[in-house]
file run_30.cif (mmCIF, C-alpha atoms and all ligand atoms)
data_input
#
loop_
_atom_site.label_atom_id
_atom_site.label_comp_id
_atom_site.auth_asym_id
_atom_site.auth_seq_id
_atom_site.Cartn_x
_atom_site.Cartn_y
_atom_site.Cartn_z
CA MET A 1 16.45 34.44 -68.80
CA ASN A 2 18.29 31.12 -68.89
CA PHE A 3 20.51 29.88 -66.10
CA GLU A 4 23.80 31.07 -67.64
CA ASP A 5 22.48 34.65 -68.03
CA ILE A 6 21.25 34.69 -64.44
CA LYS A 7 24.55 33.33 -63.20
CA ASN A 8 26.58 35.87 -65.19
CA ASP A 9 24.51 38.78 -63.92
CA GLU A 10 24.83 37.49 -60.36
CA GLN A 11 28.62 37.44 -60.78
CA GLN A 12 28.62 40.94 -62.21
CA TYR A 13 26.12 42.73 -59.97
CA MET A 14 25.97 40.95 -56.62
CA MET A 15 28.44 40.79 -53.78
CA HIS A 16 29.93 37.31 -53.65
CA THR A 17 28.58 36.40 -50.24
CA TYR A 18 27.12 33.02 -51.18
CA GLY A 19 28.39 29.73 -52.48
CA ARG A 20 25.42 28.72 -54.60
CA PHE A 21 24.23 25.42 -56.04
CA GLN A 22 24.10 25.41 -59.84
CA THR A 23 20.42 26.15 -60.40
CA ALA A 24 18.06 29.15 -60.35
CA ILE A 25 14.66 28.42 -58.80
CA VAL A 26 11.76 30.33 -60.33
CA SER A 27 8.61 28.60 -59.05
CA GLY A 28 7.32 25.77 -56.92
CA LYS A 29 4.34 23.88 -55.57
CA GLY A 30 4.31 21.82 -52.39
CA ALA A 31 7.77 20.29 -51.98
CA THR A 32 8.56 20.50 -55.70
CA ALA A 33 10.62 23.37 -57.10
CA LYS A 34 11.08 24.33 -60.73
CA ASP A 35 14.18 26.00 -62.19
CA ALA A 36 14.66 28.54 -64.99
CA GLU A 37 14.89 25.74 -67.54
CA GLY A 38 11.72 24.00 -66.35
CA LYS A 39 13.53 21.15 -64.57
CA GLU A 40 11.85 19.93 -61.37
CA TYR A 41 13.40 19.22 -57.99
CA ILE A 42 12.14 17.59 -54.82
CA ASP A 43 12.91 20.12 -52.09
CA PHE A 44 14.24 18.80 -48.76
CA THR A 45 15.43 22.29 -47.72
CA SER A 46 12.31 24.51 -47.32
CA GLY A 47 14.60 27.44 -48.13
CA ILE A 48 16.59 26.55 -44.97
CA GLY A 49 13.65 25.77 -42.72
CA VAL A 50 11.53 28.70 -43.90
CA ASN A 51 8.85 27.36 -46.25
CA CYS A 52 7.32 25.13 -43.58
CA LEU A 53 4.12 24.74 -45.63
CA GLY A 54 6.04 24.21 -48.87
CA TYR A 55 5.88 26.40 -51.98
CA CYS A 56 2.74 28.42 -52.62
CA ASP A 57 0.47 26.64 -50.18
CA GLU A 58 -3.10 27.59 -51.03
CA GLY A 59 -4.13 28.95 -47.62
CA TRP A 60 -0.87 30.84 -47.22
CA VAL A 61 -1.10 32.47 -50.68
CA LYS A 62 -4.68 33.50 -49.97
CA ALA A 63 -3.83 35.05 -46.59
CA VAL A 64 -0.81 36.90 -47.96
CA SER A 65 -2.42 38.21 -51.14
CA ALA A 66 -5.56 39.33 -49.30
CA GLN A 67 -3.42 41.29 -46.85
CA ALA A 68 -1.27 42.80 -49.63
CA ALA A 69 -4.51 44.03 -51.21
CA ALA A 70 -5.79 45.49 -47.90
CA VAL A 71 -2.76 47.29 -46.45
CA GLN A 72 0.90 46.35 -47.08
CA HIS A 73 2.58 48.40 -44.37
CA ILE A 74 1.71 50.74 -41.54
CA SER A 75 4.52 51.99 -39.33
CA ASN A 76 4.82 50.99 -35.69
CA LEU A 77 3.39 54.41 -34.81
CA TYR A 78 -0.07 52.84 -35.12
CA TYR A 79 -1.82 49.81 -33.62
CA SER A 80 -2.01 46.74 -35.83
CA PRO A 81 -4.62 44.01 -35.28
CA LEU A 82 -2.48 41.43 -37.09
CA GLN A 83 0.52 42.10 -34.85
CA THR A 84 -1.63 41.64 -31.77
CA GLU A 85 -3.20 38.45 -33.13
CA VAL A 86 0.20 36.89 -33.90
CA SER A 87 1.62 37.98 -30.54
CA LYS A 88 -1.40 36.65 -28.64
CA LYS A 89 -1.13 33.31 -30.42
CA LEU A 90 2.60 33.07 -29.64
CA CYS A 91 1.92 33.81 -25.96
CA GLU A 92 -0.89 31.24 -25.82
CA LEU A 93 1.28 28.59 -27.46
CA THR A 94 4.23 29.14 -25.14
CA GLY A 95 2.62 30.33 -21.91
CA MET A 96 4.88 33.37 -22.19
CA ASP A 97 3.98 36.99 -21.51
CA LYS A 98 5.07 39.40 -24.27
CA VAL A 99 6.39 39.49 -27.83
CA PHE A 100 8.59 41.82 -29.88
CA LEU A 101 8.13 41.34 -33.63
CA CYS A 102 11.07 41.87 -35.99
CA ASN A 103 12.25 40.64 -39.40
CA SER A 104 14.80 37.86 -38.92
CA GLY A 105 16.47 35.42 -36.59
CA ALA A 106 19.46 37.66 -35.98
CA GLU A 107 17.15 40.53 -35.01
CA ALA A 108 15.14 38.35 -32.66
CA ASN A 109 18.42 37.36 -31.02
CA GLU A 110 19.60 40.98 -30.82
CA CYS A 111 16.38 41.74 -28.94
CA ALA A 112 16.99 38.81 -26.55
CA ILE A 113 20.53 40.03 -25.87
CA LYS A 114 19.29 43.57 -25.17
CA ILE A 115 16.56 42.29 -22.84
CA ALA A 116 19.08 40.19 -20.88
CA ARG A 117 21.45 43.11 -20.40
CA LYS A 118 18.73 45.62 -19.53
CA TYR A 119 16.98 43.28 -17.10
CA SER A 120 20.27 42.80 -15.32
CA PHE A 121 21.21 46.49 -15.46
CA ASP A 122 17.81 47.58 -14.09
CA LYS A 123 18.06 45.14 -11.19
CA TYR A 124 21.78 44.90 -10.39
CA GLY A 125 23.42 47.88 -12.12
CA LYS A 126 26.59 47.68 -14.21
CA GLY A 127 29.05 44.78 -14.35
CA ARG A 128 26.72 41.84 -14.94
CA GLN A 129 26.54 41.94 -18.72
CA LYS A 130 28.13 38.65 -19.77
CA ILE A 131 26.08 36.13 -21.78
CA LEU A 132 27.12 32.49 -22.01
CA THR A 133 26.56 30.83 -25.38
CA LEU A 134 27.78 27.46 -26.64
CA VAL A 135 30.82 26.44 -28.62
CA ASN A 136 29.65 25.51 -32.14
CA SER A 137 26.47 27.58 -31.87
CA PHE A 138 25.02 29.86 -34.55
CA HIS A 139 23.03 32.98 -33.68
CA GLY A 140 23.19 35.22 -36.76
CA ARG A 141 25.27 37.55 -38.93
CA THR A 142 25.08 40.95 -37.26
CA VAL A 143 28.24 42.02 -35.43
CA THR A 144 26.68 41.22 -32.05
CA THR A 145 25.09 37.90 -33.02
CA LEU A 146 28.39 36.89 -34.67
CA ALA A 147 30.04 37.59 -31.33
CA ALA A 148 27.36 35.43 -29.66
CA THR A 149 28.11 32.64 -32.15
CA GLY A 150 30.62 30.27 -30.54
CA GLN A 151 32.73 29.50 -33.61
CA ASP A 152 36.16 31.07 -34.20
CA VAL A 153 35.66 31.13 -38.00
CA PHE A 154 33.01 33.83 -37.51
CA HIS A 155 35.24 36.00 -35.31
CA ASN A 156 37.32 37.53 -38.05
CA PHE A 157 37.74 40.70 -40.15
CA PHE A 158 35.01 42.77 -38.51
CA PHE A 159 36.78 43.86 -35.34
CA PRO A 160 35.92 45.06 -32.81
CA PHE A 161 33.16 42.56 -32.01
CA THR A 162 30.61 43.21 -29.29
CA GLU A 163 32.11 42.30 -25.93
CA GLY A 164 30.56 40.20 -23.22
CA PHE A 165 30.14 36.69 -24.62
CA GLU A 166 31.83 33.56 -23.34
CA TYR A 167 31.52 30.12 -24.88
CA VAL A 168 30.68 26.96 -22.98
CA THR A 169 31.33 23.51 -24.43
CA ALA A 170 27.93 21.96 -25.24
CA ASN A 171 26.89 19.19 -22.85
CA ASP A 172 29.81 19.96 -20.48
CA ILE A 173 28.10 20.79 -17.16
CA LYS A 174 31.43 21.43 -15.36
CA ASP A 175 32.42 24.01 -17.97
CA LEU A 176 29.03 25.69 -17.63
CA GLU A 177 29.29 25.82 -13.83
CA ALA A 178 32.84 27.18 -14.01
CA LYS A 179 31.84 30.00 -16.37
CA ALA A 180 28.54 30.96 -14.67
CA GLY A 181 30.17 33.67 -12.55
CA ASP A 182 28.65 36.73 -10.89
CA ASP A 183 29.11 38.77 -14.08
CA VAL A 184 26.74 36.55 -16.12
CA CYS A 185 23.19 37.73 -16.88
CA ALA A 186 22.03 35.00 -19.28
CA VAL A 187 22.64 31.60 -20.83
CA PHE A 188 21.67 31.53 -24.52
CA ILE A 189 21.40 28.14 -26.26
CA GLU A 190 20.08 26.27 -29.28
CA LEU A 191 18.56 22.97 -28.12
CA VAL A 192 19.54 21.32 -31.40
CA GLN A 193 22.50 23.14 -32.92
CA GLY A 194 21.44 23.51 -36.55
CA GLU A 195 24.24 25.15 -38.52
CA GLY A 196 26.68 23.54 -36.08
CA GLY A 197 25.80 20.09 -37.43
CA VAL A 198 22.36 19.05 -36.11
CA MET A 199 23.61 18.41 -32.56
CA PRO A 200 20.91 17.96 -29.90
CA LEU A 201 21.84 18.99 -26.35
CA SER A 202 21.66 16.35 -23.62
CA GLN A 203 18.77 16.48 -21.15
CA GLU A 204 21.28 16.57 -18.25
CA PHE A 205 23.03 19.64 -19.65
CA VAL A 206 19.79 21.50 -20.32
CA ASP A 207 18.54 20.61 -16.81
CA ALA A 208 21.79 21.91 -15.32
CA ALA A 209 21.51 25.13 -17.31
CA ALA A 210 17.91 25.63 -16.15
CA ARG A 211 18.85 24.91 -12.52
CA LEU A 212 21.85 27.29 -12.56
CA CYS A 213 19.80 30.03 -14.23
CA GLY A 214 17.14 29.68 -11.53
CA GLU A 215 19.70 29.80 -8.71
CA LYS A 216 21.65 32.79 -10.03
CA ASP A 217 18.86 34.82 -11.65
CA MET A 218 20.50 34.37 -15.06
CA LEU A 219 18.02 34.34 -17.93
CA LEU A 220 17.58 31.06 -19.76
CA MET A 221 17.24 32.08 -23.40
CA VAL A 222 16.57 29.56 -26.16
CA ASP A 223 17.31 30.29 -29.81
CA GLU A 224 14.45 28.44 -31.54
CA VAL A 225 14.99 30.19 -34.87
CA GLN A 226 15.59 26.84 -36.61
CA THR A 227 14.01 24.38 -34.13
CA GLY A 228 10.71 26.24 -33.69
CA ILE A 229 7.38 26.23 -35.57
CA SER A 230 6.79 22.48 -35.18
CA ARG A 231 10.08 21.57 -36.92
CA THR A 232 11.25 19.17 -34.21
CA GLY A 233 7.86 17.56 -33.44
CA THR A 234 6.63 20.04 -30.83
CA VAL A 235 5.66 23.64 -31.61
CA TYR A 236 8.88 24.72 -29.87
CA CYS A 237 11.69 22.32 -29.05
CA TYR A 238 12.04 23.41 -25.38
CA GLU A 239 8.77 21.59 -24.65
CA GLN A 240 10.57 18.27 -25.19
CA TYR A 241 13.15 19.17 -22.54
CA GLY A 242 10.54 20.08 -19.92
CA ILE A 243 12.09 23.49 -19.26
CA LYS A 244 10.57 26.95 -19.02
CA PRO A 245 12.82 29.46 -20.79
CA ASP A 246 12.74 33.16 -19.89
CA VAL A 247 13.18 34.12 -23.54
CA ILE A 248 12.50 32.28 -26.82
CA THR A 249 13.53 33.59 -30.21
CA SER A 250 11.70 32.48 -33.36
CA ALA A 251 12.01 33.25 -37.08
CA LYS A 252 12.71 31.07 -40.17
CA GLY A 253 9.50 28.98 -40.41
CA LEU A 254 7.37 31.57 -38.57
CA GLY A 255 6.31 33.42 -41.74
CA GLY A 256 6.34 30.37 -44.02
CA GLY A 257 8.43 32.32 -46.54
CA LEU A 258 8.06 35.98 -45.58
CA PRO A 259 10.55 37.69 -43.26
CA ILE A 260 9.31 37.81 -39.68
CA GLY A 261 11.00 37.09 -36.36
CA ALA A 262 9.79 37.17 -32.77
CA CYS A 263 11.44 37.57 -29.40
CA ILE A 264 9.11 36.10 -26.78
CA CYS A 265 9.65 36.69 -23.06
CA ASN A 266 8.06 35.61 -19.79
CA GLU A 267 6.28 37.72 -17.20
CA LYS A 268 9.46 38.63 -15.32
CA LEU A 269 10.72 40.43 -18.46
CA GLY A 270 7.48 41.79 -19.89
CA ASN A 271 8.24 45.39 -18.93
CA VAL A 272 12.02 45.47 -19.46
CA MET A 273 11.81 47.09 -22.89
CA THR A 274 10.17 50.53 -22.87
CA PRO A 275 9.45 53.18 -25.53
CA GLY A 276 12.76 54.32 -27.01
CA THR A 277 14.79 51.27 -25.96
CA HIS A 278 14.02 49.15 -29.01
CA GLY A 279 12.18 49.36 -32.33
CA THR A 280 12.07 48.52 -36.01
CA THR A 281 10.60 49.99 -39.19
CA PHE A 282 9.49 46.80 -40.88
CA GLY A 283 9.07 44.52 -37.85
CA GLY A 284 5.56 43.10 -37.60
CA ASN A 285 4.72 44.15 -41.15
CA PRO A 286 1.04 43.31 -41.88
CA VAL A 287 1.76 41.01 -44.84
CA ALA A 288 4.42 39.12 -42.87
CA CYS A 289 2.00 38.94 -39.92
CA ALA A 290 -0.80 37.60 -42.14
CA ALA A 291 1.63 34.89 -43.27
CA ALA A 292 2.63 34.10 -39.65
CA LYS A 293 -1.00 33.97 -38.55
CA GLU A 294 -1.76 31.39 -41.24
CA VAL A 295 1.40 29.39 -40.42
CA LEU A 296 0.68 29.34 -36.68
CA SER A 297 -2.89 28.18 -37.15
CA ARG A 298 -1.79 25.43 -39.54
CA VAL A 299 1.23 24.01 -37.70
CA THR A 300 -0.73 23.82 -34.45
CA ALA A 301 -3.91 22.29 -35.95
CA PRO A 302 -4.98 18.95 -34.42
CA GLY A 303 -2.94 16.07 -35.84
CA PHE A 304 -0.27 18.24 -37.50
CA LEU A 305 2.51 17.55 -34.98
CA ALA A 306 1.79 13.82 -34.97
CA GLU A 307 2.16 13.86 -38.75
CA VAL A 308 5.51 15.72 -38.52
CA CYS A 309 6.79 13.07 -36.08
CA LYS A 310 5.51 10.25 -38.26
CA LYS A 311 7.14 11.64 -41.39
CA GLY A 312 10.37 12.33 -39.50
CA ASP A 313 10.46 8.72 -38.29
CA TYR A 314 9.63 7.45 -41.77
CA ILE A 315 12.54 9.42 -43.30
CA ARG A 316 14.90 8.29 -40.51
CA GLN A 317 13.94 4.67 -40.97
CA LYS A 318 14.53 4.79 -44.73
CA LEU A 319 17.87 6.57 -44.21
CA SER A 320 19.06 3.92 -41.77
CA SER A 321 19.05 1.28 -44.50
CA MET A 322 20.87 3.48 -47.05
CA GLN A 323 24.48 2.89 -48.04
CA ASN A 324 27.10 5.42 -46.91
CA VAL A 325 25.00 6.43 -43.88
CA LYS A 326 27.10 6.38 -40.70
CA GLU A 327 24.74 8.20 -38.33
CA VAL A 328 21.33 9.88 -38.48
CA ARG A 329 20.55 12.49 -35.82
CA GLY A 330 18.22 15.36 -34.98
CA LYS A 331 14.57 15.60 -33.97
CA GLY A 332 11.31 15.51 -35.91
CA MET A 333 11.92 16.83 -39.42
CA MET A 334 15.29 18.41 -38.58
CA ILE A 335 17.60 15.64 -39.67
CA GLY A 336 21.38 15.37 -40.01
CA ILE A 337 23.16 12.54 -41.83
CA VAL A 338 26.81 11.71 -41.21
CA THR A 339 28.23 9.92 -44.26
CA GLU A 340 30.73 7.04 -44.09
CA LYS A 341 32.76 8.53 -46.94
CA ASP A 342 32.73 12.05 -45.47
CA ASN A 343 31.40 13.34 -48.81
CA ALA A 344 28.33 15.39 -47.82
CA LYS A 345 29.26 18.40 -49.99
CA GLU A 346 29.77 16.27 -53.13
CA ILE A 347 26.54 14.37 -52.50
CA ALA A 348 24.59 17.63 -52.06
CA ALA A 349 25.96 19.02 -55.35
CA LYS A 350 25.14 15.76 -57.18
CA CYS A 351 21.63 15.78 -55.69
CA VAL A 352 20.94 19.08 -57.45
CA GLU A 353 22.05 17.62 -60.79
CA ASN A 354 19.70 14.71 -60.16
CA GLY A 355 16.64 16.69 -59.11
CA LEU A 356 16.89 16.92 -55.32
CA LEU A 357 17.56 20.02 -53.19
CA ILE A 358 19.33 19.13 -49.95
CA LEU A 359 21.36 21.03 -47.32
CA THR A 360 24.65 20.51 -45.58
CA ALA A 361 25.73 21.66 -42.10
CA LYS A 362 29.42 21.35 -41.29
CA ASP A 363 30.35 17.98 -42.88
CA LEU A 364 26.83 16.53 -42.61
CA LEU A 365 23.94 16.26 -45.01
CA ARG A 366 20.95 18.08 -43.52
CA LEU A 367 17.25 17.74 -44.29
CA LEU A 368 14.65 20.38 -43.39
CA PRO A 369 11.75 19.32 -45.66
CA PRO A 370 8.47 21.25 -45.74
CA LEU A 371 6.48 20.00 -42.74
CA ASN A 372 3.52 19.09 -44.98
CA ILE A 373 5.57 17.27 -47.63
CA SER A 374 3.71 14.31 -49.16
CA TYR A 375 4.92 10.72 -48.78
CA GLU A 376 5.16 10.56 -52.54
CA GLU A 377 7.60 13.48 -52.56
CA ILE A 378 9.54 12.00 -49.62
CA ASP A 379 9.90 8.69 -51.48
CA LYS A 380 10.93 10.41 -54.70
CA GLY A 381 13.58 12.50 -52.92
CA LEU A 382 14.95 9.60 -50.88
CA GLU A 383 15.21 7.46 -54.00
CA ILE A 384 17.45 10.08 -55.64
CA LEU A 385 19.53 10.36 -52.46
CA SER A 386 19.79 6.60 -52.08
CA GLY A 387 21.11 6.18 -55.62
CA LEU A 388 23.82 8.80 -55.09
CA MET A 389 24.78 7.45 -51.66
CA ALA A 390 25.37 4.02 -53.26
CA GLU A 391 27.76 5.38 -55.90
C1 LIG B 401 19.23 30.88 -39.21
C2 LIG B 401 19.51 31.06 -37.77
C3 LIG B 401 19.72 32.35 -37.22
C4 LIG B 401 19.79 33.59 -38.08
O1 LIG B 401 18.58 33.89 -38.67
P1 LIG B 401 18.50 35.01 -39.83
O2 LIG B 401 17.06 35.09 -40.16
O3 LIG B 401 19.37 34.52 -40.96
O4 LIG B 401 19.03 36.26 -39.24
C5 LIG B 401 19.89 32.44 -35.86
N1 LIG B 401 19.87 31.36 -35.08
C6 LIG B 401 19.68 30.12 -35.56
C7 LIG B 401 19.64 28.96 -34.63
C8 LIG B 401 19.51 29.92 -36.92
O5 LIG B 401 19.34 28.70 -37.42
#
call {"tool": "encode", "arguments": {"input": "run_30.cif", "output": "structure tokens"}}
result
Amino acid sequence: MNFEDIKNDEQQYMMHTYGRFQTAIVSGKGATAKDAEGKEYIDFTSGIGVNCLGYCDEGWVKAVSAQAAAVQHISNLYYSPLQTEVSKKLCELTGMDKVFLCNSGAEANECAIKIARKYSFDKYGKGRQKILTLVNSFHGRTVTTLAATGQDVFHNFFFPFTEGFEYVTANDIKDLEAKAGDDVCAVFIELVQGEGGVMPLSQEFVDAAARLCGEKDMLLMVDEVQTGISRTGTVYCYEQYGIKPDVITSAKGLGGGLPIGACICNEKLGNVMTPGTHGTTFGGNPVACAAAKEVLSRVTAPGFLAEVCKKGDYIRQKLSSMQNVKEVRGKGMMIGIVTEKDNAKEIAAKCVENGLLILTAKDLLRLLPPLNISYEEIDKGLEILSGLMAE
């Protein structure tokens, strides 16, 4: 099928939920994607932070295909060695206590929200169900995670939304203190707001949140769906802030391209969820777990994080001398670029025409390249970007 046929069938048979770039990707290797017409693209998107080892990484393909050939699914009525291996590794990496495996970021966040409310209900009874999230946050597309998302544009059409969320202005400690009343059970934050425009939180604000949570027995919950899996230069971003969250949620890069999410909690919360209070059919699927096991061993191998930081710095440094660049922000290989001409969307569309896949977030350009991208691919991609930025 050529691109026009694919596009026509998409129009005819699929709900129009996505604004798509004008290409259909059919294969890839490393950080290079190929479209239906055989044209190649350097990929600075990783499928929105998912393909952390790039396309069709050898070790990843081997792990996934071997598992598909052994057993593709068992329900959660039975024990699964791969689930326990992935959960153990996540606990070892974070110093946390227990894991719930699911299929996506939104589901990991749903689990976190349920844990917060049940922990509080078990200990204090009714009336302490409120969760503070941040203005400009993004936590997912289910009705509850949309409610948790602190952006008015998402609070439309689907009424009634889940109650019990209030939005604090990011980096505004006074606002946080004012809203942390006796009815609050948790503070739920992204440390670098991804969809909100690659906005890192200040150390002071995160410290204040951690202090308040400690004082008032509110759970400190960190949405690491985009920032996790070595994306920002540490396995999870919270490490850089020197805090100890009660709950971490992880997804996107965790499976390196297969759907898996995790809600990870500390010892205080390890027994909050009991049989019958939560579950999933697909969550912790063996093939997805085999993928996650491979990803976790690779992104935590000696030297890997140093290489992510080095490549992130390299990209940042090259961007800083590019025309039309007003500001570069983010951490590690999660990079946002504010353009002088405020033309991120046009640049992103032109990049595709010129053989580069790139993301936007709000009115920024956003880069989430595969963590193991080669310098050659980085240079090739940045050269395309540089040319378009100079136009
Ligand atoms: C992408 C994202 C989500 C939603 O993840 P899905 O897998 O699309 O449900 C939640 N939180 C953050 C921070 C994200 O970046």
call {"tool": "residues_around", "arguments": {"input": "run_30.cif", "residues": "A:Cys237", "least_positions_apart": "4", "cutoff": "7 Å", "atoms": "all atoms listed in the file", "output": "PDB file with C-alpha atoms, keeping the file's coordinate frame"}}
result
ATOM      1  CA  LEU A 191      18.560  22.970 -28.120  1.00  0.00           C
ATOM      2  CA  THR A 227      14.010  24.380 -34.130  1.00  0.00           C
ATOM      3  CA  GLY A 228      10.710  26.240 -33.690  1.00  0.00           C
ATOM      4  CA  THR A 232      11.250  19.170 -34.210  1.00  0.00           C
TER       5      THR A 232
END
call {"tool": "atom_distance", "arguments": {"input": "run_30.cif", "atom1": "atom CA of A:Ala186", "atom2": "atom CA of A:Phe157"}}
result
26.7 Å
call {"tool": "residues_around", "arguments": {"input": "run_30.cif", "residues": "A:Lys268", "least_positions_apart": "3", "cutoff": "12 Å", "atoms": "all atoms listed in the file", "output": "list in words"}}
result
Met96, Asp97, Lys98, Ile115, Ala116, Tyr119, Ser120, Lys123, Asp217, Met218, Leu219, Leu220, Pro245, Asp246, Val247, Ile264, Cys265, Asn271, Val272 and Met273 of chain A
call {"tool": "residues_around", "arguments": {"input": "run_30.cif", "residues": "A:Ile384", "least_positions_apart": "6", "cutoff": "9 Å", "atoms": "only C-alpha atoms", "output": "PyMOL selection string"}}
result
chain A and resi 351+354-356
call {"tool": "residues_near_ligand", "arguments": {"input": "run_30.cif", "ligand": "ligand LIG 401 (chain B)", "cutoff": "10 Å", "atoms": "only C-alpha atoms and all ligand atoms", "output": "short mmCIF file (atom, residue, chain, number, x, y, z; two decimals) with C-alpha atoms, in the coordinates of the input"}}
result
data_model
loop_
_atom_site.label_atom_id
_atom_site.label_comp_id
_atom_site.auth_asym_id
_atom_site.auth_seq_id
_atom_site.Cartn_x
_atom_site.Cartn_y
_atom_site.Cartn_z
CA ILE A 48 16.59 26.55 -44.97
CA GLY A 49 13.65 25.77 -42.72
CA VAL A 50 11.53 28.70 -43.90
CA CYS A 102 11.07 41.87 -35.99
CA ASN A 103 12.25 40.64 -39.40
CA SER A 104 14.80 37.86 -38.92
CA GLY A 105 16.47 35.42 -36.59
CA ALA A 106 19.46 37.66 -35.98
CA GLU A 107 17.15 40.53 -35.01
CA ALA A 108 15.14 38.35 -32.66
CA ASN A 109 18.42 37.36 -31.02
CA GLU A 110 19.60 40.98 -30.82
CA SER A 137 26.47 27.58 -31.87
CA PHE A 138 25.02 29.86 -34.55
CA HIS A 139 23.03 32.98 -33.68
CA GLY A 140 23.19 35.22 -36.76
CA ARG A 141 25.27 37.55 -38.93
CA THR A 142 25.08 40.95 -37.26
CA THR A 145 25.09 37.90 -33.02
CA LEU A 146 28.39 36.89 -34.67
CA THR A 149 28.11 32.64 -32.15
CA ILE A 189 21.40 28.14 -26.26
CA GLU A 190 20.08 26.27 -29.28
CA LEU A 191 18.56 22.97 -28.12
CA VAL A 192 19.54 21.32 -31.40
CA GLN A 193 22.50 23.14 -32.92
CA GLY A 194 21.44 23.51 -36.55
CA GLU A 195 24.24 25.15 -38.52
CA GLY A 196 26.68 23.54 -36.08
CA VAL A 222 16.57 29.56 -26.16
CA ASP A 223 17.31 30.29 -29.81
CA GLU A 224 14.45 28.44 -31.54
CA VAL A 225 14.99 30.19 -34.87
CA GLN A 226 15.59 26.84 -36.61
CA THR A 227 14.01 24.38 -34.13
CA GLY A 228 10.71 26.24 -33.69
CA THR A 249 13.53 33.59 -30.21
CA SER A 250 11.70 32.48 -33.36
CA ALA A 251 12.01 33.25 -37.08
CA LYS A 252 12.71 31.07 -40.17
CA GLY A 253 9.50 28.98 -40.41
CA PRO A 259 10.55 37.69 -43.26
CA ILE A 260 9.31 37.81 -39.68
CA GLY A 261 11.00 37.09 -36.36
#
call {"tool": "residues_near_point", "arguments": {"input": "run_30.cif", "point": "(29.5, 40.4, -20.0)", "cutoff": "6 Å", "atoms": "all atoms listed in the file", "output": "PyMOL selection string"}}
result
chain A and resi 128-131+164-165
call {"tool": "closest_residue", "arguments": {"input": "run_30.cif", "among": "A:Met334, A:Lys293, A:Ala147, A:Gln67", "to": "A:Asp313", "atoms": "only C-alpha atoms"}}
result
A:Met334
call {"tool": "closest_residue", "arguments": {"input": "run_30.cif", "among": "A:Ser202, A:Gly242, A:Trp60, A:Ala262", "to": "A:Lys88", "atoms": "all atoms listed in the file"}}
result
A:Ala262
call {"tool": "build_atoms", "arguments": {"input": "run_30.cif", "residues": "stretch 278-290 of chain A", "atoms": "N, CA and C atoms", "output": "mmCIF file, in the frame of the given file"}}
result
data_model
loop_
_atom_site.group_PDB
_atom_site.id
_atom_site.type_symbol
_atom_site.label_atom_id
_atom_site.label_comp_id
_atom_site.auth_asym_id
_atom_site.auth_seq_id
_atom_site.Cartn_x
_atom_site.Cartn_y
_atom_site.Cartn_z
ATOM 1 N N HIS A 278 13.902 50.079 -27.891
ATOM 2 C CA HIS A 278 14.020 49.150 -29.010
ATOM 3 C C HIS A 278 12.953 49.488 -30.048
ATOM 4 N N GLY A 279 13.166 49.077 -31.295
ATOM 5 C CA GLY A 279 12.180 49.360 -32.330
ATOM 6 C C GLY A 279 12.638 48.846 -33.671
ATOM 7 N N THR A 280 11.779 48.976 -34.658
ATOM 8 C CA THR A 280 12.070 48.520 -36.010
ATOM 9 C C THR A 280 11.077 49.165 -36.967
ATOM 10 N N THR A 281 11.509 49.448 -38.187
ATOM 11 C CA THR A 281 10.600 49.990 -39.190
ATOM 12 C C THR A 281 9.673 48.917 -39.746
ATOM 13 N N PHE A 282 10.282 47.827 -40.201
ATOM 14 C CA PHE A 282 9.490 46.800 -40.880
ATOM 15 C C PHE A 282 8.878 45.760 -39.936
ATOM 16 N N GLY A 283 9.436 45.627 -38.736
ATOM 17 C CA GLY A 283 9.070 44.520 -37.850
ATOM 18 C C GLY A 283 7.574 44.445 -37.602
ATOM 19 N N GLY A 284 6.992 43.265 -37.790
ATOM 20 C CA GLY A 284 5.560 43.100 -37.600
ATOM 21 C C GLY A 284 4.760 43.638 -38.772
ATOM 22 N N ASN A 285 5.393 43.713 -39.920
ATOM 23 C CA ASN A 285 4.720 44.150 -41.150
ATOM 24 C C ASN A 285 3.429 43.349 -41.369
ATOM 25 N N PRO A 286 2.339 44.007 -41.777
ATOM 26 C CA PRO A 286 1.040 43.310 -41.880
ATOM 27 C C PRO A 286 1.049 42.085 -42.797
ATOM 28 N N VAL A 287 1.754 42.159 -43.921
ATOM 29 C CA VAL A 287 1.760 41.010 -44.840
ATOM 30 C C VAL A 287 2.524 39.846 -44.196
ATOM 31 N N ALA A 288 3.654 40.153 -43.567
ATOM 32 C CA ALA A 288 4.420 39.120 -42.870
ATOM 33 C C ALA A 288 3.593 38.541 -41.722
ATOM 34 N N CYS A 289 2.839 39.405 -41.022
ATOM 35 C CA CYS A 289 2.000 38.940 -39.920
ATOM 36 C C CYS A 289 0.846 38.061 -40.425
ATOM 37 N N ALA A 290 0.271 38.420 -41.572
ATOM 38 C CA ALA A 290 -0.800 37.600 -42.140
ATOM 39 C C ALA A 290 -0.258 36.205 -42.469
#
